[in-house]
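What follows is the content of start23.csv (CSV, C-alpha atoms and all ligand atoms).
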chain,number,residue,atom,x,y,z
Y,1,MET,CA,204.7,131.9,-82.1
Y,2,PHE,CA,202.2,134.2,-80.5
Y,3,ALA,CA,203.3,136.9,-78.1
Y,4,PRO,CA,200.9,136.8,-75.1
Y,5,PHE,CA,197.8,139.0,-75.3
Y,6,ALA,CA,194.5,139.4,-73.4
Y,7,TYR,CA,191.3,138.4,-75.1
Y,8,VAL,CA,188.0,140.1,-74.1
Y,9,ARG,CA,184.5,139.8,-75.5
Y,10,ALA,CA,182.7,143.1,-75.7
Y,11,THR,CA,179.1,143.1,-74.6
Y,12,ASP,CA,178.0,146.0,-76.8
Y,13,VAL,CA,179.4,148.7,-79.0
Y,14,THR,CA,180.0,151.1,-76.1
Y,15,ASP,CA,181.9,148.4,-74.2
Y,16,ALA,CA,184.0,147.6,-77.3
Y,17,VAL,CA,184.9,151.3,-77.8
Y,18,ASP,CA,185.9,151.6,-74.1
Y,19,ARG,CA,188.0,148.5,-74.2
Y,20,LEU,CA,189.7,149.5,-77.5
Y,21,ALA,CA,190.7,152.8,-75.8
Y,22,THR,CA,193.1,151.0,-73.6
Y,23,GLY,CA,196.7,150.3,-74.6
Y,24,ASN,CA,197.5,148.5,-77.8
Y,25,ALA,CA,194.1,146.9,-78.3
Y,26,HIS,CA,192.7,145.6,-81.7
Y,27,VAL,CA,189.3,144.6,-82.9
Y,28,HIS,CA,188.9,140.8,-83.3
Y,29,ALA,CA,186.1,140.0,-85.8
Y,30,GLY,CA,186.6,136.6,-87.5
Y,31,GLY,CA,190.3,136.6,-86.8
Y,32,THR,CA,191.2,135.2,-90.2
Y,33,ASP,CA,193.6,138.0,-91.0
Y,34,LEU,CA,194.4,139.4,-87.5
Y,35,LEU,CA,195.6,136.1,-86.0
Y,36,GLY,CA,198.0,135.4,-89.0
Y,37,CYS,CA,199.4,138.9,-88.6
Y,38,LEU,CA,200.0,138.4,-84.8
Y,39,ARG,CA,201.5,135.0,-85.3
Y,40,ASP,CA,203.9,136.3,-88.0
Y,41,GLU,CA,204.7,139.4,-85.9
Y,42,VAL,CA,203.6,141.8,-88.6
Y,43,PHE,CA,202.3,143.9,-85.7
Y,44,SER,CA,201.6,143.2,-82.0
Y,45,ALA,CA,198.6,143.5,-79.7
Y,46,ASP,CA,198.2,143.7,-75.9
Y,47,THR,CA,194.4,143.0,-76.1
Y,48,LEU,CA,192.0,141.6,-78.6
Y,49,VAL,CA,188.5,142.9,-78.3
Y,50,SER,CA,186.1,140.4,-79.8
Y,51,LEU,CA,182.9,141.7,-81.3
Y,52,ALA,CA,181.4,138.2,-81.6
Y,53,ASP,CA,178.8,138.6,-78.8
Y,54,ILE,CA,177.4,141.9,-80.2
Y,55,GLU,CA,174.3,140.6,-82.0
Y,56,ALA,CA,173.4,144.1,-83.3
Y,57,LEU,CA,176.5,144.0,-85.5
Y,58,SER,CA,175.4,140.9,-87.5
Y,59,GLY,CA,173.0,140.5,-90.4
Y,60,VAL,CA,171.5,142.5,-93.3
Y,61,ARG,CA,168.4,144.6,-93.0
Y,62,GLU,CA,166.4,146.9,-95.2
Y,63,SER,CA,165.9,150.4,-94.1
Y,64,ASP,CA,162.7,152.5,-94.7
Y,65,ASP,CA,164.4,154.5,-97.4
Y,66,GLY,CA,165.2,151.4,-99.5
Y,67,ALA,CA,168.9,151.3,-98.4
Y,68,LEU,CA,170.4,148.0,-97.3
Y,69,VAL,CA,172.3,148.0,-94.0
Y,70,ILE,CA,174.9,145.4,-93.4
Y,71,GLY,CA,176.3,144.8,-89.9
Y,72,ALA,CA,180.1,144.8,-89.7
Y,73,MET,CA,180.1,141.3,-88.2
Y,74,THR,CA,178.1,139.9,-91.1
Y,75,THR,CA,180.1,137.1,-92.7
Y,76,ILE,CA,181.2,137.1,-96.3
Y,77,THR,CA,179.1,134.0,-96.9
Y,78,GLU,CA,176.0,135.7,-95.7
Y,79,LEU,CA,176.7,138.6,-98.1
Y,80,ALA,CA,177.3,136.2,-101.0
Y,81,GLU,CA,174.0,134.3,-100.3
Y,82,HIS,CA,171.7,137.1,-99.2
Y,83,PRO,CA,168.7,137.2,-101.6
Y,84,ALA,CA,168.3,141.0,-101.5
Y,85,ILE,CA,172.0,141.5,-102.3
Y,86,ALA,CA,171.8,138.9,-105.1
Y,87,GLU,CA,168.8,140.6,-106.6
Y,88,ARG,CA,169.7,144.3,-106.3
Y,89,TYR,CA,173.5,144.3,-106.2
Y,90,PRO,CA,174.7,141.1,-108.0
Y,91,GLY,CA,178.1,142.7,-108.4
Y,92,LEU,CA,178.6,142.8,-104.6
Y,93,ALA,CA,177.3,139.2,-104.3
Y,94,GLN,CA,179.8,138.2,-107.0
Y,95,ALA,CA,182.7,140.0,-105.2
Y,96,ALA,CA,181.8,138.2,-101.9
Y,97,ARG,CA,181.8,134.8,-103.7
Y,98,GLU,CA,185.3,135.7,-105.1
Y,99,VAL,CA,186.8,136.2,-101.6
Y,100,ALA,CA,189.2,133.5,-100.4
Y,101,SER,CA,187.8,130.0,-99.7
Y,102,PRO,CA,184.4,128.8,-98.3
Y,103,GLN,CA,185.9,128.3,-94.9
Y,104,LEU,CA,187.4,131.8,-94.8
Y,105,ARG,CA,184.1,133.3,-96.1
Y,106,ASN,CA,182.2,131.5,-93.3
Y,107,GLN,CA,184.5,132.9,-90.7
Y,108,GLY,CA,185.6,136.3,-92.2
Y,109,THR,CA,183.4,139.3,-91.8
Y,110,ILE,CA,182.7,142.3,-94.0
Y,111,GLY,CA,184.2,144.7,-91.4
Y,112,GLY,CA,187.4,142.6,-91.3
Y,113,ASN,CA,187.4,142.3,-95.1
Y,114,LEU,CA,187.4,146.1,-95.4
Y,115,CYS,CA,190.1,146.6,-92.7
Y,116,GLN,CA,192.4,143.6,-93.5
Y,117,LYS,CA,196.2,144.3,-93.9
Y,118,PRO,CA,197.8,144.2,-97.3
Y,119,ARG,CA,199.4,141.0,-98.7
Y,120,CYS,CA,202.8,142.4,-99.8
Y,121,TRP,CA,205.4,139.7,-99.1
Y,122,TYR,CA,207.9,142.2,-97.7
Y,123,TYR,CA,205.3,143.6,-95.3
Y,124,ARG,CA,204.2,140.1,-94.3
Y,125,GLY,CA,207.7,138.8,-94.1
Y,126,ASP,CA,210.8,139.6,-92.1
Y,127,PHE,CA,211.4,143.1,-93.6
Y,128,HIS,CA,211.1,146.2,-91.6
Y,129,CYS,CA,209.5,148.1,-94.4
Y,130,LEU,CA,208.0,151.6,-94.5
Y,131,ARG,CA,204.6,150.3,-93.7
Y,132,LYS,CA,206.0,148.8,-90.5
Y,133,GLY,CA,207.7,152.0,-89.6
Y,134,GLY,CA,211.0,151.3,-91.4
Y,135,ASP,CA,212.7,153.7,-93.9
Y,136,ARG,CA,211.8,152.1,-97.3
Y,137,CYS,CA,209.6,150.0,-99.4
Y,138,PHE,CA,211.5,146.9,-100.5
Y,139,ALA,CA,209.1,146.2,-103.4
Y,140,ILE,CA,210.1,149.3,-105.3
Y,141,ALA,CA,213.5,147.9,-106.3
Y,142,GLY,CA,212.5,144.3,-105.6
Y,143,GLU,CA,209.9,141.6,-106.4
Y,144,ASN,CA,207.0,143.9,-107.4
Y,145,GLN,CA,205.1,141.7,-109.9
Y,146,TYR,CA,201.9,141.8,-107.9
Y,147,HIS,CA,202.2,145.4,-106.8
Y,148,CYS,CA,200.4,148.6,-107.9
Y,149,ILE,CA,200.4,150.5,-111.2
Y,150,PHE,CA,198.3,153.4,-109.9
Y,151,GLY,CA,198.6,155.6,-106.9
Y,152,GLY,CA,201.9,154.2,-105.6
Y,153,ALA,CA,204.0,156.6,-103.5
Y,154,ALA,CA,206.8,155.6,-101.1
Y,155,CYS,CA,204.9,152.2,-100.6
Y,156,VAL,CA,203.5,150.2,-103.6
Y,157,ILE,CA,201.1,147.7,-102.1
Y,158,VAL,CA,197.8,146.8,-103.6
Y,159,HIS,CA,194.7,146.9,-101.6
Y,160,PRO,CA,193.5,143.3,-100.9
Y,161,SER,CA,189.7,143.4,-100.4
Y,162,ASP,CA,187.4,142.2,-103.2
Y,163,THR,CA,184.3,143.6,-101.5
Y,164,ALA,CA,185.6,147.2,-101.1
Y,165,PRO,CA,185.6,148.0,-104.8
Y,166,ALA,CA,182.1,146.6,-105.2
Y,167,LEU,CA,180.9,148.7,-102.2
Y,168,ILE,CA,182.5,151.8,-103.6
Y,169,ALA,CA,180.9,151.2,-107.0
Y,170,LEU,CA,177.6,151.2,-105.1
Y,171,ASP,CA,178.4,154.5,-103.3
Y,172,ALA,CA,178.2,152.7,-99.9
Y,173,GLU,CA,179.2,154.3,-96.7
Y,174,VAL,CA,180.4,153.0,-93.3
Y,175,LYS,CA,179.1,154.0,-89.9
Y,176,THR,CA,181.6,154.0,-87.2
Y,177,ALA,CA,181.7,154.2,-83.4
Y,178,GLY,CA,184.7,155.6,-81.5
Y,179,PRO,CA,185.9,157.6,-78.5
Y,180,GLN,CA,184.8,160.8,-80.3
Y,181,GLY,CA,181.4,159.4,-81.1
Y,182,GLY,CA,180.4,158.0,-84.4
Y,183,ARG,CA,180.6,159.2,-88.0
Y,184,ARG,CA,179.5,158.2,-91.4
Y,185,LEU,CA,182.0,158.2,-94.3
Y,186,PRO,CA,181.9,156.9,-97.8
Y,187,VAL,CA,183.7,153.6,-98.3
Y,188,SER,CA,185.6,155.5,-101.0
Y,189,LYS,CA,187.2,157.7,-98.2
Y,190,LEU,CA,187.9,154.8,-95.8
Y,191,HIS,CA,191.3,153.7,-97.1
Y,192,MET,CA,194.5,155.7,-96.6
Y,193,PRO,CA,196.6,156.4,-99.6
Y,194,PRO,CA,200.3,155.7,-98.8
Y,195,GLY,CA,201.2,159.3,-99.9
Y,196,LYS,CA,199.3,160.5,-96.8
Y,197,ASP,CA,200.5,157.9,-94.3
Y,198,PRO,CA,202.1,154.6,-95.4
Y,199,THR,CA,201.8,153.0,-92.0
Y,200,ARG,CA,197.9,153.1,-92.0
Y,201,GLU,CA,195.5,151.2,-94.2
Y,202,ASN,CA,192.5,153.2,-93.3
Y,203,VAL,CA,191.4,156.5,-91.7
Y,204,LEU,CA,189.9,154.9,-88.6
Y,205,GLU,CA,191.3,156.6,-85.5
Y,206,PRO,CA,192.6,154.5,-82.5
Y,207,GLY,CA,189.6,152.9,-80.8
Y,208,GLU,CA,187.2,153.6,-83.7
Y,209,LEU,CA,185.4,150.6,-85.3
Y,210,ILE,CA,183.1,150.0,-88.2
Y,211,VAL,CA,179.6,149.3,-87.0
Y,212,GLU,CA,177.7,148.9,-90.2
Y,213,ILE,CA,177.8,149.5,-94.0
Y,214,ARG,CA,174.9,151.2,-95.7
Y,215,ILE,CA,174.2,150.8,-99.5
Y,216,PRO,CA,171.8,153.4,-100.9
Y,217,ALA,CA,168.7,152.2,-102.7
Y,218,ALA,CA,169.6,151.1,-106.2
Y,219,PRO,CA,168.3,153.2,-109.2
Y,220,LYS,CA,165.8,151.2,-111.3
Y,221,ASP,CA,168.1,150.2,-114.1
Y,222,LEU,CA,171.4,149.6,-112.3
Y,223,TYR,CA,173.8,147.1,-113.8
Y,224,THR,CA,176.5,145.8,-111.4
Y,225,SER,CA,179.3,143.3,-111.8
Y,226,TYR,CA,182.6,142.2,-110.4
Y,227,ARG,CA,185.4,140.5,-112.3
Y,228,LYS,CA,188.5,139.1,-110.6
Y,229,ILE,CA,191.6,137.8,-112.3
Y,230,ARG,CA,194.0,135.7,-110.2
Y,231,THR,CA,197.1,133.7,-111.0
Y,232,ARG,CA,195.4,130.4,-110.1
Y,233,ARG,CA,191.8,129.2,-110.2
Y,234,SER,CA,191.6,128.2,-106.5
Y,235,TRP,CA,191.4,130.9,-103.9
Y,236,ASP,CA,193.9,133.8,-104.3
Y,237,PHE,CA,193.9,137.6,-104.1
Y,238,ALA,CA,193.2,139.7,-107.2
Y,239,VAL,CA,196.0,140.4,-109.6
Y,240,ALA,CA,193.5,142.6,-111.2
Y,241,GLY,CA,189.8,143.1,-110.8
Y,242,CYS,CA,187.0,145.6,-111.6
Y,243,ALA,CA,183.6,146.5,-110.1
Y,244,LEU,CA,181.1,148.1,-112.4
Y,245,ALA,CA,177.9,150.0,-111.4
Y,246,LEU,CA,176.2,151.4,-114.5
Y,247,ASP,CA,173.0,153.4,-114.0
Y,248,MET,CA,171.3,153.0,-117.4
Y,249,ASP,CA,168.8,155.2,-119.2
Y,250,GLY,CA,167.7,152.9,-122.0
Y,251,GLU,CA,170.9,152.2,-124.0
Y,252,THR,CA,172.7,155.2,-122.5
Y,253,VAL,CA,175.0,155.2,-119.5
Y,254,ARG,CA,173.4,157.9,-117.3
Y,255,ASP,CA,176.0,157.6,-114.6
Y,256,CYS,CA,178.6,155.0,-113.6
Y,257,ARG,CA,181.3,154.0,-111.2
Y,258,VAL,CA,184.2,151.8,-112.2
Y,259,VAL,CA,186.5,150.7,-109.4
Y,260,LEU,CA,189.7,148.6,-109.9
Y,261,SER,CA,191.1,146.1,-107.5
Y,262,GLY,CA,194.7,144.7,-107.6
Y,263,ALA,CA,195.8,147.9,-109.2
Y,264,ALA,CA,196.5,150.5,-106.5
Y,265,PRO,CA,197.2,150.8,-102.7
Y,266,ILE,CA,193.5,151.7,-102.2
Y,267,PRO,CA,190.5,150.5,-104.3
Y,268,TRP,CA,191.0,152.6,-107.4
Y,269,ARG,CA,188.2,154.5,-108.9
Y,270,SER,CA,188.9,154.9,-112.6
Y,271,ARG,CA,187.4,158.3,-113.2
Y,272,PRO,CA,188.8,158.5,-116.8
Y,273,THR,CA,186.8,155.3,-117.6
Y,274,GLU,CA,183.7,156.7,-116.0
Y,275,GLN,CA,184.1,159.9,-118.0
Y,276,ALA,CA,184.5,158.0,-121.2
Y,277,LEU,CA,181.2,156.1,-120.5
Y,278,ARG,CA,179.0,158.8,-119.0
Y,279,GLY,CA,176.2,159.9,-121.4
Y,280,ARG,CA,177.2,157.4,-124.1
Y,281,THR,CA,175.9,154.1,-125.5
Y,282,LEU,CA,178.0,151.0,-124.8
Y,283,ASN,CA,179.2,150.3,-128.4
Y,284,ASP,CA,182.5,148.9,-129.5
Y,285,GLN,CA,184.1,152.3,-129.9
Y,286,VAL,CA,183.0,153.7,-126.6
Y,287,ILE,CA,184.1,150.5,-124.8
Y,288,ARG,CA,187.5,150.6,-126.5
Y,289,GLU,CA,187.9,154.3,-125.5
Y,290,ALA,CA,186.8,153.6,-121.9
Y,291,ALA,CA,189.3,150.7,-121.6
Y,292,ASP,CA,192.1,152.8,-123.1
Y,293,ALA,CA,191.3,155.6,-120.7
Y,294,ALA,CA,191.6,153.3,-117.7
Y,295,VAL,CA,195.3,152.6,-118.2
Y,296,ALA,CA,196.4,155.9,-119.8
Y,297,SER,CA,197.9,157.1,-116.6
Y,298,ALA,CA,199.4,153.8,-115.3
Y,299,SER,CA,202.9,153.9,-113.9
Y,300,PRO,CA,204.1,150.3,-113.8
Y,301,LEU,CA,207.0,149.1,-111.7
Y,302,SER,CA,209.9,147.0,-113.1
Y,303,LYS,CA,208.0,143.7,-113.1
Y,304,ASN,CA,204.3,144.5,-113.4
Y,305,ALA,CA,203.8,146.2,-116.8
Y,306,TYR,CA,201.8,143.1,-117.8
Y,307,LYS,CA,199.0,144.6,-115.6
Y,308,ILE,CA,198.4,147.4,-118.2
Y,309,PRO,CA,197.1,145.1,-121.0
Y,310,LEU,CA,195.5,142.8,-118.4
Y,311,ILE,CA,193.4,145.6,-116.9
Y,312,ARG,CA,192.6,147.1,-120.3
Y,313,GLY,CA,191.4,143.7,-121.6
Y,314,MET,CA,189.5,142.9,-118.5
Y,315,LEU,CA,187.6,146.2,-118.6
Y,316,GLU,CA,186.9,145.8,-122.3
Y,317,GLY,CA,185.5,142.2,-121.7
Y,318,GLU,CA,183.4,143.3,-118.7
Y,319,LEU,CA,181.9,146.3,-120.6
Y,320,HIS,CA,181.1,144.0,-123.6
Y,321,LYS,CA,179.4,141.6,-121.2
Y,322,ALA,CA,177.4,144.4,-119.7
Y,323,SER,CA,176.4,145.6,-123.2
Y,324,GLU,CA,175.3,142.1,-124.3
Y,325,THR,CA,173.4,141.5,-121.0
Y,326,LEU,CA,171.6,144.8,-121.2
Y,327,SER,CA,170.6,144.4,-124.9
Y,328,ALA,CA,169.4,140.8,-124.2
Y,329,THR,CA,167.2,142.0,-121.3
Y,330,GLY,CA,166.0,145.3,-122.7
Y,331,GLY,CA,168.0,147.5,-120.3
Y,332,SER,CA,167.8,145.7,-116.9
Y,333,GLN,CA,170.1,143.1,-115.4
Y,401,LIG,C1,194.4,132.5,-97.1
Y,401,LIG,C2,193.6,133.7,-97.2
Y,401,LIG,C3,193.1,134.1,-98.5
Y,401,LIG,C4,192.3,135.3,-98.6
Y,401,LIG,N1,191.8,135.6,-99.8
Y,401,LIG,C5,191.1,136.8,-100.0
Y,401,LIG,C6,190.6,137.2,-101.2
Y,401,LIG,O1,190.8,136.6,-102.2
Y,401,LIG,N2,189.9,138.4,-101.2
Y,401,LIG,C7,189.6,139.1,-100.1
Y,401,LIG,O2,189.0,140.1,-100.2
Y,401,LIG,N3,190.1,138.7,-98.9
Y,401,LIG,C8,190.8,137.6,-98.8
Y,401,LIG,N4,191.3,137.2,-97.6
Y,401,LIG,C9,191.1,138.1,-96.5
Y,401,LIG,C10,189.9,137.6,-95.8
Y,401,LIG,O3,188.7,137.9,-96.5
Y,401,LIG,C11,189.9,138.4,-94.5
Y,401,LIG,O4,190.9,137.8,-93.7
Y,401,LIG,C12,188.6,138.5,-93.8
Y,401,LIG,O5,187.6,139.1,-94.6
Y,401,LIG,C13,188.9,139.3,-92.6
Y,401,LIG,O6,187.7,139.2,-91.8
Y,401,LIG,P1,187.8,138.8,-90.3
Y,401,LIG,O7,186.4,139.0,-89.8
Y,401,LIG,O8,188.4,137.5,-90.1
Y,401,LIG,O9,188.8,140.0,-89.8
Y,401,LIG,P2,189.9,139.9,-88.6
Y,401,LIG,O10,191.0,139.0,-89.0
Y,401,LIG,O11,189.2,139.7,-87.3
Y,401,LIG,O12,190.3,141.4,-88.7
Y,401,LIG,C14,191.1,141.9,-89.8
Y,401,LIG,C15,191.5,143.4,-89.4
Y,401,LIG,O13,190.4,144.2,-89.5
Y,401,LIG,C16,190.2,144.8,-88.2
Y,401,LIG,N5,188.8,144.9,-88.0
Y,401,LIG,C17,187.9,143.8,-88.1
Y,401,LIG,N6,186.6,144.2,-87.9
Y,401,LIG,C18,186.7,145.5,-87.7
Y,401,LIG,C19,185.7,146.5,-87.5
Y,401,LIG,N7,184.4,146.2,-87.5
Y,401,LIG,N8,186.0,147.8,-87.4
Y,401,LIG,C20,187.4,148.1,-87.4
Y,401,LIG,N9,188.4,147.2,-87.6
Y,401,LIG,C21,188.0,145.9,-87.8
Y,401,LIG,C22,191.0,144.0,-87.2
Y,401,LIG,O14,191.4,144.7,-86.1
Y,401,LIG,C23,192.1,143.5,-88.1
Y,401,LIG,O15,193.1,144.5,-88.1
Y,401,LIG,C24,192.0,136.1,-97.4
Y,401,LIG,C25,192.5,135.7,-96.2
Y,401,LIG,C26,193.3,134.5,-96.1
Y,401,LIG,C27,193.8,134.1,-94.7
Written as structure tokens, how would this file's structure read?
Ligand SMILES: Cc1cc2nc3c(=O)[nH]c(=O)nc-3n(C[C@H](O)[C@H](O)[C@H](O)COP(=O)(O)OP(=O)(O)OC[C@H]3O[C@@H](n4cnc5c(N)ncnc54)[C@H](O)[C@@H]3O)c2cc1C
Amino acid sequence: MFAPFAYVRATDVTDAVDRLATGNAHVHAGGTDLLGCLRDEVFSADTLVSLADIEALSGVRESDDGALVIGAMTTITELAEHPAIAERYPGLAQAAREVASPQLRNQGTIGGNLCQKPRCWYYRGDFHCLRKGGDRCFAIAGENQYHCIFGGAACVIVHPSDTAPALIALDAEVKTAGPQGGRRLPVSKLHMPPGKDPTRENVLEPGELIVEIRIPAAPKDLYTSYRKIRTRRSWDFAVAGCALALDMDGETVRDCRVVLSGAAPIPWRSRPTEQALRGRTLNDQVIREAADAAVASASPLSKNAYKIPLIRGMLEGELHKASETLSATGGSQ
């Protein structure tokens, strides 16, 4: 059952910001996550402010400095199929293809994918958990097989988006609009660790919305990939996943970003893995060390220690694949 709410269609970004400033209003993008949350009373809304009529928020364009700018209302399908994304950032295209089902990718937007609520069954169920303003996280002593092994605090969700890790690996940033004006912030700073505030998924202030995502120009020999492991082959959220962005100098990793999904309450940048790779050649020993480094600081819960060998093996496999692809193509993807 839905509690009653008003539904308005904003005419432009300023109108959206004004309308979001009133009462308990929420952005309505594709509605694929939002409407389920309202139906299941995960949270409530007085007003939904639809962005569907704001043409400026849709589509992918190239900017003069070589960056790619993606409007927040661009659908996941458009991302998955866009030729410039497939050519320059195949890891992001792969992450988009891994999201949900074709129908959800046609309806769901990149802004909504970054801001969706977590999938913890206690949070989505009839439990007044910490994230809903209650006094505890039921997963800590409960059914926590799909929960985090890094970064858990009083709440142990995993962040659900497949595109966020891929965007962070690419050093993308979001541009926002809000009552205080707009700001730019790296996607890596968008999500809120539960240790700071377990009731918020992101750092957006009330009334603030994502307008676009900007991916900087890719270095010449950038290798990107996204791997997702799920419990079944049809659509499902990541039990574990990893986004790689390796900036290669011949056979040496000049710089890199490695971001895990299904592992932590926010997309989890594995800095120990990055450190183990930087300045080195992707040989068996380096790959083994990088994969070991990724899980060295894991703190599993009672039912998810299986994620440690899973993430380790997944990273080892992805780095071997990168090494083989780069040797076969002489250093480019
Ligand atoms: C069955 C199912 C399976 C799924 N599987 C996956 C999966 O495997 N991987 C994955 O990554 N995702 C998955 N999803 C999530 C899906 O990708 C998201 O529901 C979708 O991307 C959200 O986009 P939307 O446009 O529909 O957002 P909405 O549902 O409209 O909004 C989601 C949230 O984001 C906020 N929001 C939306 N746009 C903005 C904006 N521009 N600025 C600020 N806040 C905003 C809304 O207020 C709301 O809180 C799944 C969803 C379902 C229902």
**Asked** Expressed in Å to a single decimal, how great is the separation between atom CA of Gly207 of chain Y and atom CA of Gly262 of chain Y?
**Response** 28.5 Å
**Request:** Please identify the residues whose atoms come within 8 Å of ligand LIG 401 (chain Y), using all atoms listed in the file, and report them as a PyMOL selection string.
**Result:** chain Y and resi 26-36+51+72-73+75-76+96+98-101+104-105+107-117+160-164+176+204+208-212+235-238
How about saving the chosen residues, C-alpha atoms kept, as an mmCIF file, in the coordinates of the input?
data_model
loop_
_atom_site.group_PDB
_atom_site.id
_atom_site.type_symbol
_atom_site.label_atom_id
_atom_site.label_comp_id
_atom_site.auth_asym_id
_atom_site.auth_seq_id
_atom_site.Cartn_x
_atom_site.Cartn_y
_atom_site.Cartn_z
ATOM 1 C CA HIS Y 26 192.700 145.600 -81.700
ATOM 2 C CA VAL Y 27 189.300 144.600 -82.900
ATOM 3 C CA HIS Y 28 188.900 140.800 -83.300
ATOM 4 C CA ALA Y 29 186.100 140.000 -85.800
ATOM 5 C CA GLY Y 30 186.600 136.600 -87.500
ATOM 6 C CA GLY Y 31 190.300 136.600 -86.800
ATOM 7 C CA THR Y 32 191.200 135.200 -90.200
ATOM 8 C CA ASP Y 33 193.600 138.000 -91.000
ATOM 9 C CA LEU Y 34 194.400 139.400 -87.500
ATOM 10 C CA LEU Y 35 195.600 136.100 -86.000
ATOM 11 C CA GLY Y 36 198.000 135.400 -89.000
ATOM 12 C CA LEU Y 51 182.900 141.700 -81.300
ATOM 13 C CA ALA Y 72 180.100 144.800 -89.700
ATOM 14 C CA MET Y 73 180.100 141.300 -88.200
ATOM 15 C CA THR Y 75 180.100 137.100 -92.700
ATOM 16 C CA ILE Y 76 181.200 137.100 -96.300
ATOM 17 C CA ALA Y 96 181.800 138.200 -101.900
ATOM 18 C CA GLU Y 98 185.300 135.700 -105.100
ATOM 19 C CA VAL Y 99 186.800 136.200 -101.600
ATOM 20 C CA ALA Y 100 189.200 133.500 -100.400
ATOM 21 C CA SER Y 101 187.800 130.000 -99.700
ATOM 22 C CA LEU Y 104 187.400 131.800 -94.800
ATOM 23 C CA ARG Y 105 184.100 133.300 -96.100
ATOM 24 C CA GLN Y 107 184.500 132.900 -90.700
ATOM 25 C CA GLY Y 108 185.600 136.300 -92.200
ATOM 26 C CA THR Y 109 183.400 139.300 -91.800
ATOM 27 C CA ILE Y 110 182.700 142.300 -94.000
ATOM 28 C CA GLY Y 111 184.200 144.700 -91.400
ATOM 29 C CA GLY Y 112 187.400 142.600 -91.300
ATOM 30 C CA ASN Y 113 187.400 142.300 -95.100
ATOM 31 C CA LEU Y 114 187.400 146.100 -95.400
ATOM 32 C CA CYS Y 115 190.100 146.600 -92.700
ATOM 33 C CA GLN Y 116 192.400 143.600 -93.500
ATOM 34 C CA LYS Y 117 196.200 144.300 -93.900
ATOM 35 C CA PRO Y 160 193.500 143.300 -100.900
ATOM 36 C CA SER Y 161 189.700 143.400 -100.400
ATOM 37 C CA ASP Y 162 187.400 142.200 -103.200
ATOM 38 C CA THR Y 163 184.300 143.600 -101.500
ATOM 39 C CA ALA Y 164 185.600 147.200 -101.100
ATOM 40 C CA THR Y 176 181.600 154.000 -87.200
ATOM 41 C CA LEU Y 204 189.900 154.900 -88.600
ATOM 42 C CA GLU Y 208 187.200 153.600 -83.700
ATOM 43 C CA LEU Y 209 185.400 150.600 -85.300
ATOM 44 C CA ILE Y 210 183.100 150.000 -88.200
ATOM 45 C CA VAL Y 211 179.600 149.300 -87.000
ATOM 46 C CA GLU Y 212 177.700 148.900 -90.200
ATOM 47 C CA TRP Y 235 191.400 130.900 -103.900
ATOM 48 C CA ASP Y 236 193.900 133.800 -104.300
ATOM 49 C CA PHE Y 237 193.900 137.600 -104.100
ATOM 50 C CA ALA Y 238 193.200 139.700 -107.200
#
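Nearest to Asn283 of chain Y of all the residues Y:Arg312, Y:Lys189, Y:His82, Y:His320 is Y:His320, based on only C-alpha atoms.
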Which residues come within 6 Å of segment 61-71 of chain Y, counting all atoms listed in the file, excluding same-chain residues fewer than 5 positions away, as an mmCIF file with C-alpha atoms, keeping the file's coordinate frame?
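Result file is selection26.cif:
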data_model
loop_
_atom_site.group_PDB
_atom_site.id
_atom_site.type_symbol
_atom_site.label_atom_id
_atom_site.label_comp_id
_atom_site.auth_asym_id
_atom_site.auth_seq_id
_atom_site.Cartn_x
_atom_site.Cartn_y
_atom_site.Cartn_z
ATOM 1 C CA GLU Y 212 177.700 148.900 -90.200
ATOM 2 C CA ILE Y 213 177.800 149.500 -94.000
ATOM 3 C CA ARG Y 214 174.900 151.200 -95.700
ATOM 4 C CA ILE Y 215 174.200 150.800 -99.500
ATOM 5 C CA PRO Y 216 171.800 153.400 -100.900
ATOM 6 C CA ALA Y 217 168.700 152.200 -102.700
#
**Prompt:** Could you work out how far atom CA of Glu87 of chain Y lies from atom CA of Asp221 of chain Y, giving the answer in Å with one decimal?
**Reply:** 12.2 Å
**Message:** Residues near segment 37-39 of chain Y, anyone? I mean within 8 Å using all atoms listed in the file, not counting same-chain ones fewer than 5 positions away, as number ranges by chain.
**Reply:** Y: 1-3, 44-45, 124
Place a sphere of radius 12 Å on (194.4, 157.3, -98.5) in the file coordinates and name every protein, DNA or RNA residue with an atom inside or on its surface, counting all atoms listed in the file; give the answer as a short mmCIF file (atom, residue, chain, number, x, y, z; two decimals) with C-alpha atoms, keeping the file's coordinate frame.
data_model
loop_
_atom_site.label_atom_id
_atom_site.label_comp_id
_atom_site.auth_asym_id
_atom_site.auth_seq_id
_atom_site.Cartn_x
_atom_site.Cartn_y
_atom_site.Cartn_z
CA GLY Y 151 198.60 155.60 -106.90
CA GLY Y 152 201.90 154.20 -105.60
CA ALA Y 153 204.00 156.60 -103.50
CA CYS Y 155 204.90 152.20 -100.60
CA HIS Y 159 194.70 146.90 -101.60
CA VAL Y 187 183.70 153.60 -98.30
CA SER Y 188 185.60 155.50 -101.00
CA LYS Y 189 187.20 157.70 -98.20
CA LEU Y 190 187.90 154.80 -95.80
CA HIS Y 191 191.30 153.70 -97.10
CA MET Y 192 194.50 155.70 -96.60
CA PRO Y 193 196.60 156.40 -99.60
CA PRO Y 194 200.30 155.70 -98.80
CA GLY Y 195 201.20 159.30 -99.90
CA LYS Y 196 199.30 160.50 -96.80
CA ASP Y 197 200.50 157.90 -94.30
CA PRO Y 198 202.10 154.60 -95.40
CA THR Y 199 201.80 153.00 -92.00
CA ARG Y 200 197.90 153.10 -92.00
CA GLU Y 201 195.50 151.20 -94.20
CA ASN Y 202 192.50 153.20 -93.30
CA VAL Y 203 191.40 156.50 -91.70
CA LEU Y 204 189.90 154.90 -88.60
CA ALA Y 264 196.50 150.50 -106.50
CA PRO Y 265 197.20 150.80 -102.70
CA ILE Y 266 193.50 151.70 -102.20
CA PRO Y 267 190.50 150.50 -104.30
CA TRP Y 268 191.00 152.60 -107.40
#
